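> Sharing final-v8.pdb, PDB, C-alpha atoms:
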```
MODEL        1
ATOM      1  CA  MET H   1      99.034  -6.385  41.491
ATOM      2  CA  SER H   2      99.388  -2.727  42.460
ATOM      3  CA  TYR H   3     100.109  -1.583  45.997
ATOM      4  CA  SER H   4      96.726   0.129  46.156
ATOM      5  CA  ARG H   5      94.920  -3.072  45.197
ATOM      6  CA  ARG H   6      96.823  -5.113  47.773
ATOM      7  CA  LEU H   7      96.006  -2.465  50.332
ATOM      8  CA  ILE H   8      92.313  -2.319  49.504
ATOM      9  CA  GLY H   9      92.034  -6.113  49.486
ATOM     10  CA  SER H  10      93.737  -6.461  52.870
ATOM     11  CA  TYR H  11      91.816  -3.550  54.372
ATOM     12  CA  MET H  12      88.506  -4.991  53.205
ATOM     13  CA  LYS H  13      89.227  -8.458  54.607
ATOM     14  CA  ILE H  14      90.411  -7.130  57.960
ATOM     15  CA  SER H  15      87.531  -4.654  58.289
ATOM     16  CA  VAL H  16      84.900  -7.252  57.412
ATOM     17  CA  LEU H  17      86.445  -9.695  59.894
ATOM     18  CA  ILE H  18      86.358  -7.074  62.656
ATOM     19  CA  MET H  19      82.725  -6.234  61.918
ATOM     20  CA  ARG H  20      81.774  -9.898  62.108
ATOM     21  CA  LEU H  21      83.659 -10.354  65.368
ATOM     22  CA  ILE H  22      81.832  -7.442  66.991
ATOM     23  CA  GLY H  23      78.503  -8.882  65.933
ATOM     24  CA  LYS H  24      77.494  -6.843  62.881
ATOM     25  CA  GLY H  25      74.941  -8.578  60.672
ATOM     26  CA  LYS H  26      75.657  -9.811  57.150
ATOM     27  CA  ASN H  27      73.892  -6.894  55.468
ATOM     28  CA  LYS H  28      75.811  -4.295  57.474
ATOM     29  CA  THR H  29      79.045  -6.106  56.721
ATOM     30  CA  ASP H  30      78.219  -6.266  53.001
ATOM     31  CA  PHE H  31      77.310  -2.586  52.858
ATOM     32  CA  PHE H  32      80.554  -1.696  54.598
ATOM     33  CA  LYS H  33      82.445  -3.727  52.002
ATOM     34  CA  GLU H  34      80.408  -2.059  49.245
ATOM     35  CA  LYS H  35      81.377   1.405  50.500
ATOM     36  CA  ILE H  36      85.069   0.482  50.427
ATOM     37  CA  LEU H  37      84.812  -0.898  46.900
ATOM     38  CA  VAL H  38      82.768   1.972  45.462
ATOM     39  CA  ASN H  39      85.299   4.434  46.867
ATOM     40  CA  TYR H  40      88.145   2.395  45.358
ATOM     41  CA  PHE H  41      86.547   2.172  41.905
ATOM     42  CA  THR H  42      85.720   5.869  42.008
ATOM     43  CA  ARG H  43      89.218   6.939  42.942
ATOM     44  CA  LYS H  44      91.148   4.601  40.673
ATOM     45  CA  TYR H  45      88.967   4.012  37.610
ATOM     46  CA  LEU H  46      86.438   6.816  37.287
ATOM     47  CA  PRO H  47      89.142   9.196  35.928
ATOM     48  CA  VAL H  48      89.265   7.095  32.726
ATOM     49  CA  ILE H  49      85.962   8.656  31.610
ATOM     50  CA  GLU H  50      86.851  12.272  32.389
ATOM     51  CA  ASN H  51      85.772  14.526  29.530
ATOM     52  CA  SER H  52      84.098  11.620  27.732
ATOM     53  CA  PRO H  53      81.750  13.175  25.168
ATOM     54  CA  LYS H  54      78.081  12.282  24.912
ATOM     55  CA  LYS H  55      77.510  10.487  21.615
ATOM     56  CA  GLU H  56      74.549  10.701  19.303
ATOM     57  CA  ILE H  57      71.987   8.037  20.146
ATOM     58  CA  THR H  58      71.301   5.755  17.188
ATOM     59  CA  VAL H  59      69.164   2.658  16.683
ATOM     60  CA  GLU H  60      70.067  -0.221  14.400
ATOM     61  CA  ILE H  61      67.027  -1.621  12.584
ATOM     62  CA  PRO H  62      66.238  -4.265  13.582
ATOM     63  CA  GLU H  63      67.698  -4.109  17.059
ATOM     64  CA  THR H  64      68.996  -7.275  18.705
ATOM     65  CA  ILE H  65      68.359  -9.231  21.879
ATOM     66  CA  TRP H  66      71.820 -10.539  22.782
ATOM     67  CA  GLN H  67      72.483 -13.703  24.766
ATOM     68  CA  PHE H  68      75.570 -15.788  25.479
ATOM     69  CA  TRP H  69      75.746 -19.503  26.212
ATOM     70  CA  ASP H  70      78.770 -21.752  25.809
ATOM     71  CA  ASN H  71      78.878 -25.285  27.170
ATOM     72  CA  PRO H  72      82.010 -26.489  28.946
ATOM     73  CA  ALA H  73      83.659 -29.519  27.314
ATOM     74  CA  GLY H  74      81.550 -32.627  27.732
ATOM     75  CA  LYS H  75      78.472 -30.732  28.915
ATOM     76  CA  THR H  76      75.130 -30.234  27.215
ATOM     77  CA  THR H  77      72.706 -27.354  27.545
ATOM     78  CA  PRO H  78      70.232 -27.946  30.407
ATOM     79  CA  GLU H  79      66.637 -28.318  29.278
ATOM     80  CA  ILE H  80      65.502 -25.324  31.320
ATOM     81  CA  VAL H  81      68.048 -23.121  29.526
ATOM     82  CA  LYS H  82      66.849 -24.445  26.158
ATOM     83  CA  SER H  83      63.273 -23.549  27.138
ATOM     84  CA  ALA H  84      64.349 -20.092  28.280
ATOM     85  CA  ILE H  85      66.094 -19.418  24.973
ATOM     86  CA  GLU H  86      63.021 -20.654  23.092
ATOM     87  CA  SER H  87      60.856 -18.272  25.131
ATOM     88  CA  VAL H  88      62.951 -15.346  23.897
ATOM     89  CA  GLU H  89      62.361 -16.455  20.326
ATOM     90  CA  LYS H  90      58.615 -16.464  21.047
ATOM     91  CA  PHE H  91      58.547 -12.983  22.557
ATOM     92  CA  LYS H  92      61.342 -11.210  20.700
ATOM     93  CA  GLY H  93      58.856  -9.024  18.859
ATOM     94  CA  ASN H  94      60.589  -6.735  16.344
ATOM     95  CA  PHE H  95      64.035  -7.603  17.677
ATOM     96  CA  GLU H  96      66.486 -10.036  16.177
ATOM     97  CA  HIS H  97      67.660 -12.757  18.554
ATOM     98  CA  LYS H  98      71.333 -13.731  18.615
ATOM     99  CA  ILE H  99      72.796 -16.376  20.942
ATOM    100  CA  LEU H 100      76.584 -16.146  20.937
ATOM    101  CA  ASP H 101      79.172 -18.682  22.056
ATOM    102  CA  ASN H 102      82.965 -18.610  22.167
ATOM    103  CA  SER H 103      83.196 -19.335  18.441
ATOM    104  CA  THR H 104      80.967 -16.414  17.379
ATOM    105  CA  ILE H 105      81.881 -13.657  19.841
ATOM    106  CA  GLU H 106      84.487 -12.119  17.545
ATOM    107  CA  ASN H 107      81.854 -11.592  14.840
ATOM    108  CA  TYR H 108      80.127  -8.963  16.961
ATOM    109  CA  ALA H 109      82.432  -7.943  19.828
ATOM    110  CA  ASP H 110      85.793  -6.184  19.914
ATOM    111  CA  LEU H 111      86.903  -6.838  23.466
ATOM    112  CA  PRO H 112      90.514  -5.804  24.160
ATOM    113  CA  GLY H 113      93.180  -8.454  23.713
ATOM    114  CA  TYR H 114      94.137  -8.317  27.380
ATOM    115  CA  VAL H 115      90.554  -9.206  28.359
ATOM    116  CA  LEU H 116      90.561 -12.236  26.060
ATOM    117  CA  ASP H 117      93.992 -13.268  27.348
ATOM    118  CA  ARG H 118      92.876 -13.060  30.973
ATOM    119  CA  PHE H 119      89.746 -15.046  30.124
ATOM    120  CA  LYS H 120      91.787 -17.800  28.440
ATOM    121  CA  LYS H 121      94.159 -17.933  31.427
ATOM    122  CA  GLY H 122      91.236 -18.258  33.843
ATOM    123  CA  GLN H 123      91.942 -14.912  35.529
ATOM    124  CA  ILE H 124      88.500 -13.756  34.409
ATOM    125  CA  ASP H 125      85.772 -16.337  34.977
ATOM    126  CA  TYR H 126      82.722 -16.846  32.751
ATOM    127  CA  THR H 127      80.522 -14.628  34.917
ATOM    128  CA  HIS H 128      82.796 -11.602  34.802
ATOM    129  CA  PHE H 129      83.711 -12.194  31.170
ATOM    130  CA  SER H 130      80.006 -12.137  30.355
ATOM    131  CA  ASP H 131      79.739  -8.850  32.283
ATOM    132  CA  LEU H 132      82.261  -7.298  29.889
ATOM    133  CA  LEU H 133      80.792  -8.953  26.796
ATOM    134  CA  ARG H 134      77.280  -7.612  27.361
ATOM    135  CA  LEU H 135      78.472  -4.020  27.637
ATOM    136  CA  ASN H 136      80.743  -4.376  24.625
ATOM    137  CA  LEU H 137      77.901  -5.698  22.462
ATOM    138  CA  LEU H 138      75.563  -2.923  23.562
ATOM    139  CA  LYS H 139      78.258  -0.284  23.074
ATOM    140  CA  ASN H 140      78.881  -1.506  19.530
ATOM    141  CA  HIS H 141      75.352  -2.308  18.422
ATOM    142  CA  GLY H 142      72.800  -1.304  21.035
ATOM    143  CA  GLY H 143      69.769  -3.434  21.804
ATOM    144  CA  ILE H 144      68.915  -5.665  24.761
ATOM    145  CA  TRP H 145      71.128  -7.909  26.847
ATOM    146  CA  LEU H 146      69.248 -10.816  28.436
ATOM    147  CA  ASP H 147      70.860 -13.616  30.441
ATOM    148  CA  ALA H 148      70.333 -17.096  29.010
ATOM    149  CA  THR H 149      68.721 -17.940  32.362
ATOM    150  CA  ALA H 150      65.792 -15.594  31.800
ATOM    151  CA  TYR H 151      62.400 -17.047  30.861
ATOM    152  CA  MET H 152      60.259 -14.604  28.885
ATOM    153  CA  THR H 153      56.481 -14.617  29.327
ATOM    154  CA  ASP H 154      55.588 -11.493  27.339
ATOM    155  CA  PHE H 155      57.010  -8.882  24.999
ATOM    156  CA  ILE H 156      59.372  -6.222  26.333
ATOM    157  CA  PRO H 157      57.283  -3.238  27.508
ATOM    158  CA  GLN H 158      57.383  -0.245  25.196
ATOM    159  CA  TYR H 159      58.396   2.122  27.977
ATOM    160  CA  ILE H 160      61.644   0.140  28.328
ATOM    161  CA  VAL H 161      62.204  -0.067  24.571
ATOM    162  CA  ASN H 162      61.844   3.722  24.394
ATOM    163  CA  GLU H 163      64.588   4.336  26.964
ATOM    164  CA  ASP H 164      68.159   5.096  25.888
ATOM    165  CA  PHE H 165      69.300   3.039  28.880
ATOM    166  CA  PHE H 166      67.503   0.917  31.451
ATOM    167  CA  VAL H 167      68.359  -1.596  34.196
ATOM    168  CA  PHE H 168      66.397  -3.015  37.108
ATOM    169  CA  LEU H 169      67.457  -1.956  40.598
ATOM    170  CA  THR H 170      67.918  -4.208  43.612
ATOM    171  CA  GLY H 171      64.680  -4.985  45.421
ATOM    172  CA  GLN H 172      63.481  -6.811  48.512
ATOM    173  CA  ARG H 173      63.850 -10.345  47.147
ATOM    174  CA  THR H 174      67.617 -10.276  46.786
ATOM    175  CA  ASP H 175      69.996 -11.851  49.272
ATOM    176  CA  PHE H 176      72.581  -9.276  48.247
ATOM    177  CA  PRO H 177      71.065  -5.795  48.602
ATOM    178  CA  TYR H 178      74.481  -4.133  48.462
ATOM    179  CA  SER H 179      74.762  -5.095  44.775
ATOM    180  CA  PHE H 180      72.504  -2.088  44.020
ATOM    181  CA  MET H 181      71.303  -3.117  40.547
ATOM    182  CA  GLN H 182      70.566  -6.163  38.397
ATOM    183  CA  ASN H 183      72.584  -6.773  35.226
ATOM    184  CA  CYS H 184      70.698  -9.784  33.828
ATOM    185  CA  PHE H 185      68.659  -7.375  31.670
ATOM    186  CA  ILE H 186      70.157  -4.231  30.137
ATOM    187  CA  ARG H 187      68.509  -2.004  27.565
ATOM    188  CA  ALA H 188      70.972   0.355  25.865
ATOM    189  CA  LYS H 189      70.674   2.185  22.593
ATOM    190  CA  LYS H 190      73.902   2.613  20.632
ATOM    191  CA  GLY H 191      75.651   5.720  21.950
ATOM    192  CA  SER H 192      74.210   5.463  25.458
ATOM    193  CA  PHE H 193      76.575   7.368  27.752
ATOM    194  CA  LEU H 194      75.775   5.176  30.752
ATOM    195  CA  CYS H 195      76.591   2.007  28.829
ATOM    196  CA  ASP H 196      79.772   3.372  27.240
ATOM    197  CA  ALA H 197      81.151   4.899  30.445
ATOM    198  CA  TRP H 198      80.345   1.769  32.474
ATOM    199  CA  TYR H 199      82.166  -0.331  29.884
ATOM    200  CA  GLN H 200      85.235   1.909  29.946
ATOM    201  CA  ILE H 201      85.525   1.612  33.722
ATOM    202  CA  CYS H 202      85.143  -2.178  33.631
ATOM    203  CA  VAL H 203      87.761  -2.843  30.939
ATOM    204  CA  GLU H 204      90.169  -0.373  32.547
ATOM    205  CA  TYR H 205      89.926  -2.429  35.735
ATOM    206  CA  TRP H 206      90.926  -5.621  33.925
ATOM    207  CA  LYS H 207      93.680  -3.785  32.072
ATOM    208  CA  ASN H 208      95.352  -3.208  35.435
ATOM    209  CA  GLU H 209      94.226  -6.131  37.582
ATOM    210  CA  THR H 210      94.213  -9.905  37.330
ATOM    211  CA  LYS H 211      91.711 -10.877  40.032
ATOM    212  CA  LYS H 212      88.206  -9.843  40.944
ATOM    213  CA  LEU H 213      87.650  -8.039  44.222
ATOM    214  CA  ASP H 214      83.999  -9.014  44.590
ATOM    215  CA  TYR H 215      81.415 -11.101  42.753
ATOM    216  CA  PHE H 216      79.259  -7.977  42.295
ATOM    217  CA  GLN H 217      82.042  -5.606  41.277
ATOM    218  CA  HIS H 218      80.416  -5.070  37.868
ATOM    219  CA  GLN H 219      77.340  -3.670  39.587
ATOM    220  CA  LEU H 220      79.399  -1.661  42.070
ATOM    221  CA  MET H 221      81.361  -0.039  39.248
ATOM    222  CA  PHE H 222      78.026   1.136  37.861
ATOM    223  CA  LYS H 223      77.135   2.508  41.274
ATOM    224  CA  SER H 224      80.434   4.391  41.496
ATOM    225  CA  LEU H 225      79.661   5.899  38.089
ATOM    226  CA  ILE H 226      76.159   7.159  38.812
ATOM    227  CA  LEU H 227      77.015   8.418  42.291
ATOM    228  CA  ASN H 228      80.171  10.300  41.429
ATOM    229  CA  TYR H 229      79.989  11.490  37.805
ATOM    230  CA  SER H 230      77.502  14.278  37.227
ATOM    231  CA  THR H 231      76.523  13.423  33.638
ATOM    232  CA  ALA H 232      75.897   9.792  34.596
ATOM    233  CA  LYS H 233      74.001  10.815  37.724
ATOM    234  CA  ASP H 234      71.658  13.056  35.736
ATOM    235  CA  LEU H 235      70.958  10.354  33.149
ATOM    236  CA  PHE H 236      70.391   7.721  35.832
ATOM    237  CA  ASN H 237      67.941   9.960  37.693
ATOM    238  CA  LYS H 238      65.906  10.336  34.475
ATOM    239  CA  MET H 239      65.769   6.564  33.964
ATOM    240  CA  PRO H 240      62.639   4.829  35.346
ATOM    241  CA  HIS H 241      63.604   3.268  38.672
ATOM    242  CA  LYS H 242      62.070  -0.180  38.701
ATOM    243  CA  SER H 243      62.666  -2.843  41.336
ATOM    244  CA  GLU H 244      63.889  -6.285  40.299
ATOM    245  CA  ASP H 245      61.318  -7.919  42.603
ATOM    246  CA  GLU H 246      58.856  -8.634  39.795
ATOM    247  CA  ILE H 247      61.494 -10.534  37.761
ATOM    248  CA  GLN H 248      62.791 -12.493  40.761
ATOM    249  CA  GLN H 249      59.678 -14.404  41.768
ATOM    250  CA  LEU H 250      61.185 -17.805  40.904
ATOM    251  CA  VAL H 251      64.565 -17.297  42.544
ATOM    252  CA  GLY H 252      65.941 -19.753  45.083
ATOM    253  CA  ASN H 253      63.570 -22.424  46.343
ATOM    254  CA  ASN H 254      60.581 -20.772  44.694
ATOM    255  CA  LEU H 255      61.599 -22.449  41.447
ATOM    256  CA  LEU H 256      61.313 -25.822  43.189
ATOM    257  CA  ARG H 257      57.858 -25.252  44.651
ATOM    258  CA  LYS H 258      54.910 -27.292  43.417
ATOM    259  CA  PHE H 259      53.512 -25.728  40.270
ATOM    260  CA  ASP H 260      50.282 -23.756  40.686
ATOM    261  CA  ALA H 261      48.557 -22.660  37.466
ATOM    262  CA  ASN H 262      46.768 -19.701  39.065
ATOM    263  CA  GLU H 263      49.946 -18.500  40.726
ATOM    264  CA  TRP H 264      51.799 -18.826  37.417
ATOM    265  CA  GLU H 265      49.224 -16.620  35.729
ATOM    266  CA  ARG H 266      49.694 -14.044  38.482
ATOM    267  CA  ILE H 267      53.492 -14.175  38.099
ATOM    268  CA  LYS H 268      53.220 -13.717  34.335
ATOM    269  CA  SER H 269      50.925 -10.719  34.775
ATOM    270  CA  THR H 270      53.533  -8.848  36.847
ATOM    271  CA  SER H 271      56.530  -8.961  34.508
ATOM    272  CA  PHE H 272      57.648  -9.921  31.015
ATOM    273  CA  PHE H 273      60.332 -12.366  32.205
ATOM    274  CA  GLN H 274      61.513 -14.302  35.228
ATOM    275  CA  LYS H 275      65.103 -14.946  36.258
ATOM    276  CA  ILE H 276      65.659 -18.668  36.727
ATOM    277  CA  THR H 277      68.549 -21.085  37.265
ATOM    278  CA  TYR H 278      69.673 -24.466  36.001
ATOM    279  CA  LYS H 279      71.793 -25.083  39.112
ATOM    280  CA  VAL H 280      69.777 -27.542  41.183
ATOM    281  CA  ALA H 281      70.809 -30.594  43.140
ATOM    282  CA  ASN H 282      71.051 -33.847  41.210
ATOM    283  CA  GLY H 283      69.196 -37.031  42.124
ATOM    284  CA  ILE H 284      66.006 -35.320  43.293
ATOM    285  CA  ASP H 285      62.555 -35.730  41.778
ATOM    286  CA  TYR H 286      61.405 -32.297  40.649
ATOM    287  CA  SER H 287      58.199 -33.526  39.024
ATOM    288  CA  ASP H 288      55.304 -31.059  38.953
ATOM    289  CA  THR H 289      57.450 -28.130  40.098
ATOM    290  CA  TYR H 290      58.016 -24.827  38.331
ATOM    291  CA  PHE H 291      61.480 -26.141  37.459
ATOM    292  CA  SER H 292      60.127 -29.241  35.725
ATOM    293  CA  LYS H 293      57.334 -27.382  33.910
ATOM    294  CA  LEU H 294      59.740 -24.763  32.587
ATOM    295  CA  SER H 295      62.270 -27.468  31.629
ATOM    296  CA  GLU H 296      59.584 -29.265  29.633
ATOM    297  CA  GLY H 297      58.761 -26.060  27.769
ATOM    298  CA  LYS H 298      55.066 -26.446  28.585
ATOM    299  CA  LEU H 299      54.442 -22.966  29.922
TER     300      LEU H 299
ENDMDL
END
```
If you convert what's in this file into structure tokens, what do you get?

Amino acid sequence: MSYSRRLIGSYMKISVLIMRLIGKGKNKTDFFKEKILVNYFTRKYLPVIENSPKKEITVEIPETIWQFWDNPAGKTTPEIVKSAIESVEKFKGNFEHKILDNSTIENYADLPGYVLDRFKKGQIDYTHFSDLLRLNLLKNHGGIWLDATAYMTDFIPQYIVNEDFFVFLTGQRTDFPYSFMQNCFIRAKKGSFLCDAWYQICVEYWKNETKKLDYFQHQLMFKSLILNYSTAKDLFNKMPHKSEDEIQQLVGNNLLRKFDANEWERIKSTSFFQKITYKVANGIDYSDTYFSKLSEGKL
């Protein structure tokens, strides 16, 4: 661990503790932490993309919707995840649909050896490994990244398909507004500068460091890029700025509410997918909830 990383980690912990002691709210504390981290990523890792050329944008025909799901030993895929994956197959349109696991990653990705080593050693967890994988796949092939916990209800809008790069931005429904953007859905054509530069920053971080600084550091690295690199800032400003609120209508306890057919039709009319979760408490009867209906694949 470098001196600068030790310093930033200690400074962040002490500063956050002080803010909590003097009565600052969670959001103010999180945004203070976010400012420290964005400054750190900008200073230490943004230089890796200096003078990076803009590549020609190309489109592989057909393009691919990429997903990743790998069960831990002894575990099976939750029914709601199976239904979500089946929904992508239903609404993939002209895209191919590829679901990767640990045995098939190397067929499509070329992540650096040090990333794979850190993943095997447990220094990079599944969440942050997936963050790197999605950008690597899009850098190499282009297409769409969609989390396996996303339930599609319609085809991807053409205005998104037409974009060289697109992500949803943090909205009002999130509990973590400092995260800035949502990475469960990424549209990137092959050669997208925003995708390539973001990837370079992320893998450079793990080349030098063995621990995460924050759960949302992947998103904050993107923020450091678009705030402090002129080419990225210009491209980001041209991208449609769309709130994640419409794709987050079943987050948290909303997924466990009693199912309402009229409300479901309204939800479907607002967005082409909904972010869901399989992480619910065991031993509870979820009958006739959105969770149970989606798990049964009846919607």
> For range 191-204 of chain H, please output as a ChimeraX atom specification all residues within 9 Å (counting all atoms listed in the file; exclusion window: fewer than 5 positions along the same chain).
/H:41,45-49,52-59,111-112,115,131-132,135-136,138-142,164-165,209,217-218,221-222,225-226,231-232,235-236
> Let's have the selection written as a tab-separated table (two decimals), in the coordinates of the input, with C-alpha atoms.

```
chain	number	residue	atom	x	y	z
H	41	PHE	CA	86.55	2.17	41.90
H	45	TYR	CA	88.97	4.01	37.61
H	46	LEU	CA	86.44	6.82	37.29
H	47	PRO	CA	89.14	9.20	35.93
H	48	VAL	CA	89.26	7.10	32.73
H	49	ILE	CA	85.96	8.66	31.61
H	52	SER	CA	84.10	11.62	27.73
H	53	PRO	CA	81.75	13.18	25.17
H	54	LYS	CA	78.08	12.28	24.91
H	55	LYS	CA	77.51	10.49	21.62
H	56	GLU	CA	74.55	10.70	19.30
H	57	ILE	CA	71.99	8.04	20.15
H	58	THR	CA	71.30	5.76	17.19
H	59	VAL	CA	69.16	2.66	16.68
H	111	LEU	CA	86.90	-6.84	23.47
H	112	PRO	CA	90.51	-5.80	24.16
H	115	VAL	CA	90.55	-9.21	28.36
H	131	ASP	CA	79.74	-8.85	32.28
H	132	LEU	CA	82.26	-7.30	29.89
H	135	LEU	CA	78.47	-4.02	27.64
H	136	ASN	CA	80.74	-4.38	24.62
H	138	LEU	CA	75.56	-2.92	23.56
H	139	LYS	CA	78.26	-0.28	23.07
H	140	ASN	CA	78.88	-1.51	19.53
H	141	HIS	CA	75.35	-2.31	18.42
H	142	GLY	CA	72.80	-1.30	21.04
H	164	ASP	CA	68.16	5.10	25.89
H	165	PHE	CA	69.30	3.04	28.88
H	209	GLU	CA	94.23	-6.13	37.58
H	217	GLN	CA	82.04	-5.61	41.28
H	218	HIS	CA	80.42	-5.07	37.87
H	221	MET	CA	81.36	-0.04	39.25
H	222	PHE	CA	78.03	1.14	37.86
H	225	LEU	CA	79.66	5.90	38.09
H	226	ILE	CA	76.16	7.16	38.81
H	231	THR	CA	76.52	13.42	33.64
H	232	ALA	CA	75.90	9.79	34.60
H	235	LEU	CA	70.96	10.35	33.15
H	236	PHE	CA	70.39	7.72	35.83
```
> For this structure, which residues satisfy the selection - the PyMOL selection byres ((chain H and resi 183) around 9) - when it is evaluated on the file as given? I want them as a ChimeraX atom specification.
/H:131,145-147,167-169,181-182,184-186,218-219
> To one decimal place, how far is CA of Arg187 in chain H from CA of Asn102 in chain H in Å?
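Answer for the CA of Arg187 in chain H to CA of Asn102 in chain H separation: 22.7 Å.
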> Quick one: contact table of range 100-162 of chain H to range 248-272 of chain H, 12 Å max, nearest atom pair and distance in Å to one decimal per residue, counting only C-alpha atoms, chain and number order, as JSON lines?

```
{"residue": "H:Leu146", "atom": "CA", "partner": "H:Phe272", "partner_atom": "CA", "distance": 11.9}
{"residue": "H:Thr149", "atom": "CA", "partner": "H:Val251", "partner_atom": "CA", "distance": 11.0}
{"residue": "H:Ala150", "atom": "CA", "partner": "H:Gln248", "partner_atom": "CA", "distance": 9.9}
{"residue": "H:Tyr151", "atom": "CA", "partner": "H:Phe272", "partner_atom": "CA", "distance": 8.6}
{"residue": "H:Met152", "atom": "CA", "partner": "H:Phe272", "partner_atom": "CA", "distance": 5.8}
{"residue": "H:Thr153", "atom": "CA", "partner": "H:Phe272", "partner_atom": "CA", "distance": 5.1}
{"residue": "H:Asp154", "atom": "CA", "partner": "H:Phe272", "partner_atom": "CA", "distance": 4.5}
{"residue": "H:Phe155", "atom": "CA", "partner": "H:Phe272", "partner_atom": "CA", "distance": 6.1}
{"residue": "H:Ile156", "atom": "CA", "partner": "H:Phe272", "partner_atom": "CA", "distance": 6.2}
{"residue": "H:Pro157", "atom": "CA", "partner": "H:Phe272", "partner_atom": "CA", "distance": 7.6}
{"residue": "H:Gln158", "atom": "CA", "partner": "H:Phe272", "partner_atom": "CA", "distance": 11.3}
{"residue": "H:Ile160", "atom": "CA", "partner": "H:Phe272", "partner_atom": "CA", "distance": 11.2}
```
> Spell out the residues picked by the PyMOL selection byres ((chain H and resi 87-100) around 7) here, as a list in words.
Pro62, Glu63, Thr64, Ile65, Trp66, Gln67, Phe68, Trp69, Ser83, Ala84, Ile85, Glu86, Asp101, Asn102, Thr104, Ile105, Tyr151, Met152, Asp154 and Phe155 of chain H
> With distances taken over only C-alpha atoms, which of H:Lys82, H:Lys275, H:Lys28, H:Lys35 is nearest to Lys223 in chain H?
H:Lys35
> Provide the CA of Tyr159 in chain H to CA of Ile80 in chain H distance in Å, to one decimal place.
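Spanning CA of Tyr159 in chain H to CA of Ile80 in chain H is a straight-line distance of 28.5 Å.
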> Report the distance between CA of Leu294 in chain H and CA of Lys242 in chain H in Å, rounded to one decimal place.
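These atoms are spaced 25.4 Å apart.
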> Report as a list in words the full result of the PyMOL selection byres ((chain H and resi 278) around 10) when it is applied to this structure.
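When the PyMOL selection byres ((chain H and resi 278) around 10) is applied, the selected residues are Thr77, Pro78, Glu79, Ile80, Val81, Thr149, Leu255, Ile276, Thr277, Lys279, Val280, Ala281, Phe291 and Ser295 of chain H.
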> Find the spatial neighbours of Ser224 in chain H, counting all atoms listed in the file, within a cut-off of 6 Å - ignore same-chain residues fewer than 4 positions away - and output them as a PyMOL selection string.
chain H and resi 38+42+228
> Can you write just those residues out, C-alpha atoms, as a compact mmCIF listing (two decimals), in the frame of the given file?

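Dumped to out-v5.txt:
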```
# COMPACT_ATOMS: atom_id res chain seq x y z
CA VAL H 38 82.77 1.97 45.46
CA THR H 42 85.72 5.87 42.01
CA ASN H 228 80.17 10.30 41.43
```
> Given all atoms listed in the file as the basis, pick out the residue of H:Gly143, H:Gly74, H:Gly113, H:Gly171 nearest to Ile247 in chain H.
H:Gly171
> From the options H:Glu60, H:Asp117, H:Asp110, H:Glu34, which residue's atoms come nearest to Ile144 in chain H, counting only C-alpha atoms?
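The closest residue to Ile144 in chain H is H:Glu60.
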> Taking all atoms listed in the file into account, which of H:Lys298, H:Lys207, H:Lys293, H:Lys238 comes nearest Ile124 in chain H?
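Of H:Lys298, H:Lys207, H:Lys293, H:Lys238, the one nearest Ile124 in chain H, counting all atoms listed in the file, is H:Lys207.
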> Could you tell me which of H:Ser243, H:Asn107, H:Ser292, H:Thr210 comes closest to Thr170 in chain H if we count only C-alpha atoms?
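The closest residue to Thr170 in chain H is H:Ser243.
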